[in-house]
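Coordinates from input.txt are shown below (compact mmCIF, C-alpha atoms).
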```
# COMPACT_ATOMS: atom_id res chain seq x y z
CA MET A 1 0.00 0.00 0.00
CA PRO A 2 1.47 3.38 -0.96
CA ILE A 3 2.36 5.74 1.88
CA ILE A 4 0.15 8.82 2.15
CA MET A 5 2.24 11.94 2.69
CA ASN A 6 1.56 14.12 5.71
CA ALA A 7 -0.85 16.85 4.51
CA ASP A 8 1.13 19.73 6.01
CA LEU A 9 4.37 18.33 4.62
CA GLU A 10 2.80 18.17 1.16
CA ARG A 11 1.62 21.77 1.56
CA LEU A 12 5.09 22.88 2.70
CA ILE A 13 6.65 21.35 -0.42
CA ALA A 14 4.14 23.25 -2.53
CA LEU A 15 4.79 26.41 -0.50
CA GLN A 16 8.52 26.11 -1.04
CA LYS A 17 8.02 25.81 -4.79
CA LEU A 18 5.80 28.89 -4.73
CA ASP A 19 8.29 30.88 -2.67
CA SER A 20 11.19 29.88 -4.91
CA THR A 21 9.23 30.93 -8.00
CA VAL A 22 8.31 34.23 -6.36
CA HIS A 23 11.92 34.80 -5.34
CA ASP A 24 13.18 34.19 -8.88
CA ALA A 25 10.56 36.53 -10.35
CA GLU A 26 11.26 39.28 -7.83
CA ARG A 27 15.00 38.93 -8.34
CA TRP A 28 14.52 39.25 -12.10
CA LEU A 29 12.39 42.38 -11.64
CA ALA A 30 14.89 43.86 -9.18
CA ALA A 31 17.68 43.39 -11.74
CA GLU A 32 15.78 45.28 -14.44
CA PRO A 33 17.55 48.63 -13.82
CA THR A 34 20.93 46.92 -14.11
CA ARG A 35 19.97 45.22 -17.37
CA THR A 36 18.53 48.46 -18.73
CA SER A 37 21.72 50.32 -17.80
CA ALA A 38 23.79 47.65 -19.55
CA LEU A 39 21.70 48.02 -22.71
CA ASP A 40 22.01 51.81 -22.56
CA ALA A 41 25.77 51.47 -22.08
CA ARG A 42 26.02 49.29 -25.19
CA LEU A 43 24.13 51.92 -27.15
CA GLU A 44 26.27 54.73 -25.75
CA THR A 45 29.43 52.85 -26.72
CA ALA A 46 28.15 52.53 -30.29
CA ARG A 47 27.31 56.25 -30.33
CA GLU A 48 30.78 57.12 -29.06
CA GLN A 49 32.32 55.03 -31.82
CA VAL A 50 30.30 56.97 -34.41
CA ALA A 51 31.32 60.27 -32.83
CA ALA A 52 34.98 59.21 -32.77
CA ALA A 53 34.87 58.15 -36.44
CA LYS A 54 33.23 61.45 -37.43
CA GLN A 55 35.80 63.41 -35.41
CA LYS A 56 38.66 61.68 -37.20
CA LEU A 57 37.06 62.55 -40.54
CA ALA A 58 36.56 66.15 -39.43
CA ASP A 59 40.20 66.36 -38.29
CA ASN A 60 41.27 65.03 -41.68
CA GLN A 61 39.20 67.68 -43.47
CA THR A 62 40.61 70.42 -41.23
CA ALA A 63 44.16 69.25 -41.93
CA ARG A 64 43.44 69.14 -45.66
CA ARG A 65 42.09 72.71 -45.67
CA ALA A 66 45.17 73.90 -43.80
CA VAL A 67 47.49 72.17 -46.27
CA GLU A 68 45.54 73.57 -49.24
CA LYS A 69 46.10 77.05 -47.78
CA ASP A 70 49.84 76.31 -47.70
CA VAL A 71 49.68 75.34 -51.39
CA ALA A 72 48.02 78.65 -52.20
CA VAL A 73 50.72 80.53 -50.30
CA HIS A 74 53.55 78.77 -52.15
CA GLN A 75 51.76 79.18 -55.51
CA GLY A 76 51.47 82.89 -54.80
CA ARG A 77 55.18 83.06 -54.04
CA LEU A 78 55.93 81.12 -57.24
CA SER A 79 53.89 83.57 -59.31
CA LYS A 80 55.70 86.48 -57.67
CA PHE A 81 59.11 84.94 -58.45
CA ARG A 82 58.10 84.40 -62.07
CA GLU A 83 57.18 88.09 -62.37
CA GLN A 84 60.47 89.06 -60.78
CA ALA A 85 62.37 86.79 -63.16
CA MET A 86 61.09 88.87 -66.06
CA ALA A 87 62.64 92.01 -64.59
CA VAL A 88 66.07 90.77 -63.43
CA LYS A 89 69.14 92.40 -64.95
CA THR A 90 72.00 90.18 -63.81
CA ASN A 91 72.71 86.47 -63.93
CA GLN A 92 73.22 86.45 -60.18
CA GLU A 93 69.73 87.80 -59.61
CA TYR A 94 68.30 85.38 -62.16
CA HIS A 95 69.91 82.35 -60.51
CA ALA A 96 68.74 83.49 -57.08
CA ILE A 97 65.15 83.76 -58.29
CA GLN A 98 65.42 80.39 -60.07
CA HIS A 99 66.56 78.88 -56.78
CA GLU A 100 63.60 80.37 -54.95
CA MET A 101 61.22 79.14 -57.67
CA ALA A 102 62.64 75.60 -57.47
CA PHE A 103 62.25 75.63 -53.70
CA ALA A 104 58.63 76.82 -53.99
CA GLN A 105 57.85 74.15 -56.60
CA ALA A 106 59.36 71.45 -54.38
CA GLU A 107 57.29 72.67 -51.45
CA ILE A 108 54.14 72.62 -53.61
CA LYS A 109 54.94 69.07 -54.73
CA THR A 110 55.43 67.93 -51.12
CA ILE A 111 52.21 69.58 -50.03
CA GLU A 112 50.25 68.13 -52.97
CA ASP A 113 51.53 64.68 -52.01
CA LYS A 114 50.28 65.35 -48.49
CA ILE A 115 46.88 66.41 -49.86
CA LEU A 116 46.66 63.20 -51.88
CA GLU A 117 47.54 61.21 -48.76
CA LEU A 118 44.83 63.03 -46.79
CA MET A 119 42.29 62.41 -49.57
CA MET A 120 43.03 58.68 -49.52
CA GLU A 121 42.82 58.68 -45.74
CA ALA A 122 39.49 60.53 -45.99
CA ASP A 123 38.08 57.71 -48.12
CA ASP A 124 38.97 55.20 -45.39
CA LEU A 125 37.60 57.47 -42.67
CA THR A 126 34.35 58.00 -44.58
CA ALA A 127 33.97 54.22 -44.87
CA ALA A 128 34.67 53.92 -41.13
CA VAL A 129 31.95 56.46 -40.37
CA LYS A 130 29.44 54.54 -42.48
CA LYS A 131 30.46 51.26 -40.83
CA SER A 132 30.09 52.71 -37.32
CA GLU A 133 26.73 54.25 -38.22
CA ALA A 134 25.52 50.87 -39.51
CA ALA A 135 26.76 49.23 -36.31
CA LEU A 136 24.90 51.84 -34.25
CA ALA A 137 21.69 51.26 -36.21
CA ALA A 138 22.00 47.50 -35.69
CA GLU A 139 22.74 47.96 -31.98
CA GLN A 140 19.78 50.33 -31.64
CA LYS A 141 17.53 47.72 -33.25
CA THR A 142 18.85 44.99 -30.95
CA VAL A 143 18.54 47.12 -27.82
CA ASP A 144 15.01 48.21 -28.73
CA ALA A 145 14.01 44.57 -29.25
CA GLU A 146 15.56 43.51 -25.93
CA LYS A 147 13.87 46.37 -24.08
CA LYS A 148 10.55 45.47 -25.66
CA SER A 149 11.04 41.85 -24.61
CA MET A 150 11.94 42.98 -21.08
CA ALA A 151 8.82 45.15 -20.89
CA SER A 152 6.65 42.23 -22.00
CA GLU A 153 8.28 39.89 -19.49
CA HIS A 154 7.86 42.54 -16.80
CA VAL A 155 4.11 42.62 -17.37
CA GLN A 156 3.91 38.82 -17.39
CA LEU A 157 5.94 38.49 -14.19
CA LYS A 158 3.85 41.11 -12.41
CA ALA A 159 0.71 39.20 -13.31
CA GLN A 160 2.34 35.92 -12.29
CA LEU A 161 3.39 37.38 -8.93
CA GLU A 162 -0.16 38.49 -8.20
CA GLN A 163 -1.39 34.98 -8.90
CA LEU A 164 1.41 33.38 -6.86
CA HIS A 165 0.74 35.63 -3.88
CA ALA A 166 -2.95 34.72 -4.02
CA GLU A 167 -2.08 31.01 -4.19
CA ARG A 168 0.35 31.41 -1.30
CA THR A 169 -2.24 33.12 0.87
CA ALA A 170 -4.68 30.27 0.30
CA LEU A 171 -2.01 27.63 0.90
CA VAL A 172 -0.69 29.23 4.09
CA ALA A 173 -4.21 29.38 5.52
CA ALA A 174 -4.43 25.58 5.29
CA ILE A 175 -1.13 24.85 7.09
CA ASP A 176 -0.96 24.26 10.84
CA HIS A 177 0.34 27.49 12.37
CA LYS A 178 3.07 25.72 14.37
CA VAL A 179 4.35 23.96 11.26
CA LEU A 180 4.18 27.23 9.33
CA ALA A 181 6.18 28.96 12.07
CA ILE A 182 8.96 26.37 11.65
CA PHE A 183 8.91 26.87 7.90
CA ASP A 184 9.07 30.68 8.19
CA LEU A 185 11.93 30.56 10.71
CA VAL A 186 14.05 28.19 8.64
CA SER A 187 13.25 30.07 5.45
CA LYS A 188 14.44 33.32 7.02
CA ARG A 189 17.66 31.72 8.23
CA ARG A 190 18.38 29.72 5.09
CA ASN A 191 17.97 32.25 2.28
CA GLY A 192 14.40 31.23 1.50
CA LEU A 193 15.07 27.48 1.26
CA ALA A 194 13.22 25.81 4.14
CA VAL A 195 12.41 22.45 2.53
CA ALA A 196 14.85 19.87 1.19
CA GLU A 197 14.61 16.45 -0.39
CA ALA A 198 16.38 13.62 1.40
CA ARG A 199 17.96 11.23 -1.07
CA GLU A 200 20.14 8.18 -0.42
CA GLY A 201 20.42 9.14 3.23
CA ILE A 202 21.67 12.67 2.49
CA CYS A 203 20.07 16.13 2.74
CA THR A 204 20.33 17.32 -0.87
CA ILE A 205 20.93 20.95 0.11
CA CYS A 206 23.49 20.84 2.93
CA HIS A 207 24.85 17.47 1.66
CA VAL A 208 25.28 16.07 5.17
CA ARG A 209 24.44 12.40 5.76
CA LEU A 210 21.40 11.85 7.95
CA ARG A 211 21.32 9.42 10.83
CA PRO A 212 19.78 6.13 9.60
CA GLN A 213 16.89 6.38 12.03
CA VAL A 214 16.12 9.93 10.87
CA PHE A 215 16.29 8.96 7.22
CA ASN A 216 14.00 5.99 7.76
CA THR A 217 11.48 8.29 9.42
CA VAL A 218 11.78 10.82 6.60
CA ARG A 219 11.18 8.07 4.03
CA ARG A 220 7.69 7.56 5.43
CA ASN A 221 6.76 11.24 4.85
CA GLU A 222 4.42 11.01 7.85
CA GLU A 223 5.98 13.68 10.06
CA ILE A 224 7.64 17.08 9.95
CA ILE A 225 11.31 16.11 10.32
CA GLN A 226 14.15 18.62 10.19
CA CYS A 227 17.72 18.07 9.10
CA ASP A 228 19.99 17.93 12.17
CA THR A 229 22.56 20.06 10.35
CA CYS A 230 20.73 22.75 8.38
CA GLN A 231 17.31 22.47 10.10
CA ARG A 232 15.50 22.31 6.77
CA ILE A 233 12.26 20.32 6.66
CA LEU A 234 12.91 17.02 4.91
CA TYR A 235 10.82 14.93 2.54
CA PHE A 236 11.41 11.82 0.49
CA VAL A 237 10.50 11.08 -3.12
CA PRO A 238 9.96 7.32 -3.61
CA GLN A 239 11.59 5.86 -6.68
CA ALA A 240 9.19 4.59 -9.31
CA ALA A 241 9.26 0.82 -9.66
CA PRO A 242 11.01 -0.23 -12.88
CA THR A 243 8.70 -1.56 -15.56
CA SER A 244 9.51 -4.83 -17.24
CA ALA A 245 8.26 -6.43 -20.41
CA ASN A 246 7.67 -9.54 -18.31
CA ASN A 247 4.93 -7.70 -16.45
CA VAL A 248 3.00 -7.04 -19.62
CA HIS A 249 0.50 -9.79 -20.39
CA GLN A 250 -0.12 -10.62 -23.98
```

Can you turn what I pasted into structure tokens?
Amino acid sequence: MPIIMNADLERLIALQKLDSTVHDAERWLAAEPTRTSALDARLETAREQVAAAKQKLADNQTARRAVEKDVAVHQGRLSKFREQAMAVKTNQEYHAIQHEMAFAQAEIKTIEDKILELMMEADDLTAAVKKSEAALAAEQKTVDAEKKSMASEHVQLKAQLEQLHAERTALVAAIDHKVLAIFDLVSKRRNGLAVAEAREGICTICHVRLRPQVFNTVRRNEEIIQCDTCQRILYFVPQAAPTSANNVHQ
């Protein structure tokens, strides 16, 4: 004949499951600000990367404008030397102006090479801006989706908590107040875990071996028995009898 579990013990097992579910839901809700901050931080990082890429491009453009001004200055000097060359009267003056013109042309060539380098760099920087903007758009989409999912789960958990609290109130009302007092005390001292399964002579939460007499009593599930070590209320889950093809009648 199967053993009938003590009614209060059965209710305590159910109460523990309820409390654990409530605890998990409340912990998830309490962590919402942290998760939201993490999502916002991801988005801010992507925005900063866009801003940094745009700043590099802007710096490149500023440098290019400055170099182009230098080209204009040297071209102006070169034009001036060419005008002067038309008016020189001695070979010494002519050679001096030719030297200045050659120097100005070399400077212009160097600066033009620098402009070309900046233009090529600008192409890479423009591509980097577009890449960072695409990454930001993708991150924004992902963050929005995750926040939407969080909001939906928030609503579901709130509704679930209301239902769980109602179920708990009804369940608690049916438990002997002395037994409930034991449960509440142990739960408070043991981080919300007041009930533990005893398996193979061991409390499955504190992992301490039970005295044989205690375990045998727990196996019957007829009384409220506490673990000698952690004080949790113990229960036993009988193993299902193995089925055999020999037991099946043709």

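Shortest atom-to-atom contact with His207 (chain A) among A:Cys230, A:Leu157, A:Ile225, A:Val129: A:Cys230, counting only C-alpha atoms.
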
Nearby residues (all atoms listed in the file) at most 9 Å from region 19-29 of chain A, same-chain spacing under 3 positions excluded, as number ranges by chain = A: 14-16, 32-33, 154, 157-158, 160-161, 164-165, 168, 192-193

Fewer than 5 positions away in the same chain doesn't count, so skip those; otherwise give me all residues within 8 Å of Leu125 (chain A), counting all atoms listed in the file, as a ChimeraX atom specification.
-> /A:53-54,56-57

In Å, with one decimal, what is the gap from CA of Met101 (chain A) to CA of Lys89 (chain A)?
->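 We find that CA of Met101 (chain A) and CA of Lys89 (chain A) lie 17.1 Å from each other.
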
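Distance-wise, CA of Asp124 (chain A) and CA of Val71 (chain A) end up 23.6 Å apart.
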
Give me, as a PDB file with C-alpha atoms, keeping the file's coordinate frame, all polymer residues having an atom no more than 9 Å from Val208 (chain A), counting all atoms listed in the file and skipping those fewer than 4 positions away in the same chain.
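The new file part_37.pdb reads:
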```pdb
ATOM      1  CA  GLY A 201      20.420   9.140   3.230  1.00  0.00           C
ATOM      2  CA  ILE A 202      21.670  12.670   2.490  1.00  0.00           C
ATOM      3  CA  CYS A 203      20.070  16.130   2.740  1.00  0.00           C
ATOM      4  CA  THR A 204      20.330  17.320  -0.870  1.00  0.00           C
ATOM      5  CA  CYS A 227      17.720  18.070   9.100  1.00  0.00           C
ATOM      6  CA  ASP A 228      19.990  17.930  12.170  1.00  0.00           C
ATOM      7  CA  THR A 229      22.560  20.060  10.350  1.00  0.00           C
ATOM      8  CA  CYS A 230      20.730  22.750   8.380  1.00  0.00           C
TER       9      CYS A 230
END
```

For Ile97 (chain A), work out the shell of residues within 9 Å, counting only C-alpha atoms and skipping chain neighbours fewer than 4 positions away, then give it as a list in words.
-> Phe81, Arg82, Gln84, Ala85, Val88, Gln92, Glu93, Met101 and Ala102 of chain A

Record the distance separating CA of Leu9 (chain A) and CA of Val179 (chain A), expressed in Å with one decimal.
->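 Going from CA of Leu9 (chain A) over to CA of Val179 (chain A) covers 8.7 Å.
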
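Counting all atoms listed in the file, the residue from A:Ile175, A:Ile233, A:Ala41, A:Ala51 that sits nearest to Ser187 (chain A) is A:Ile233.
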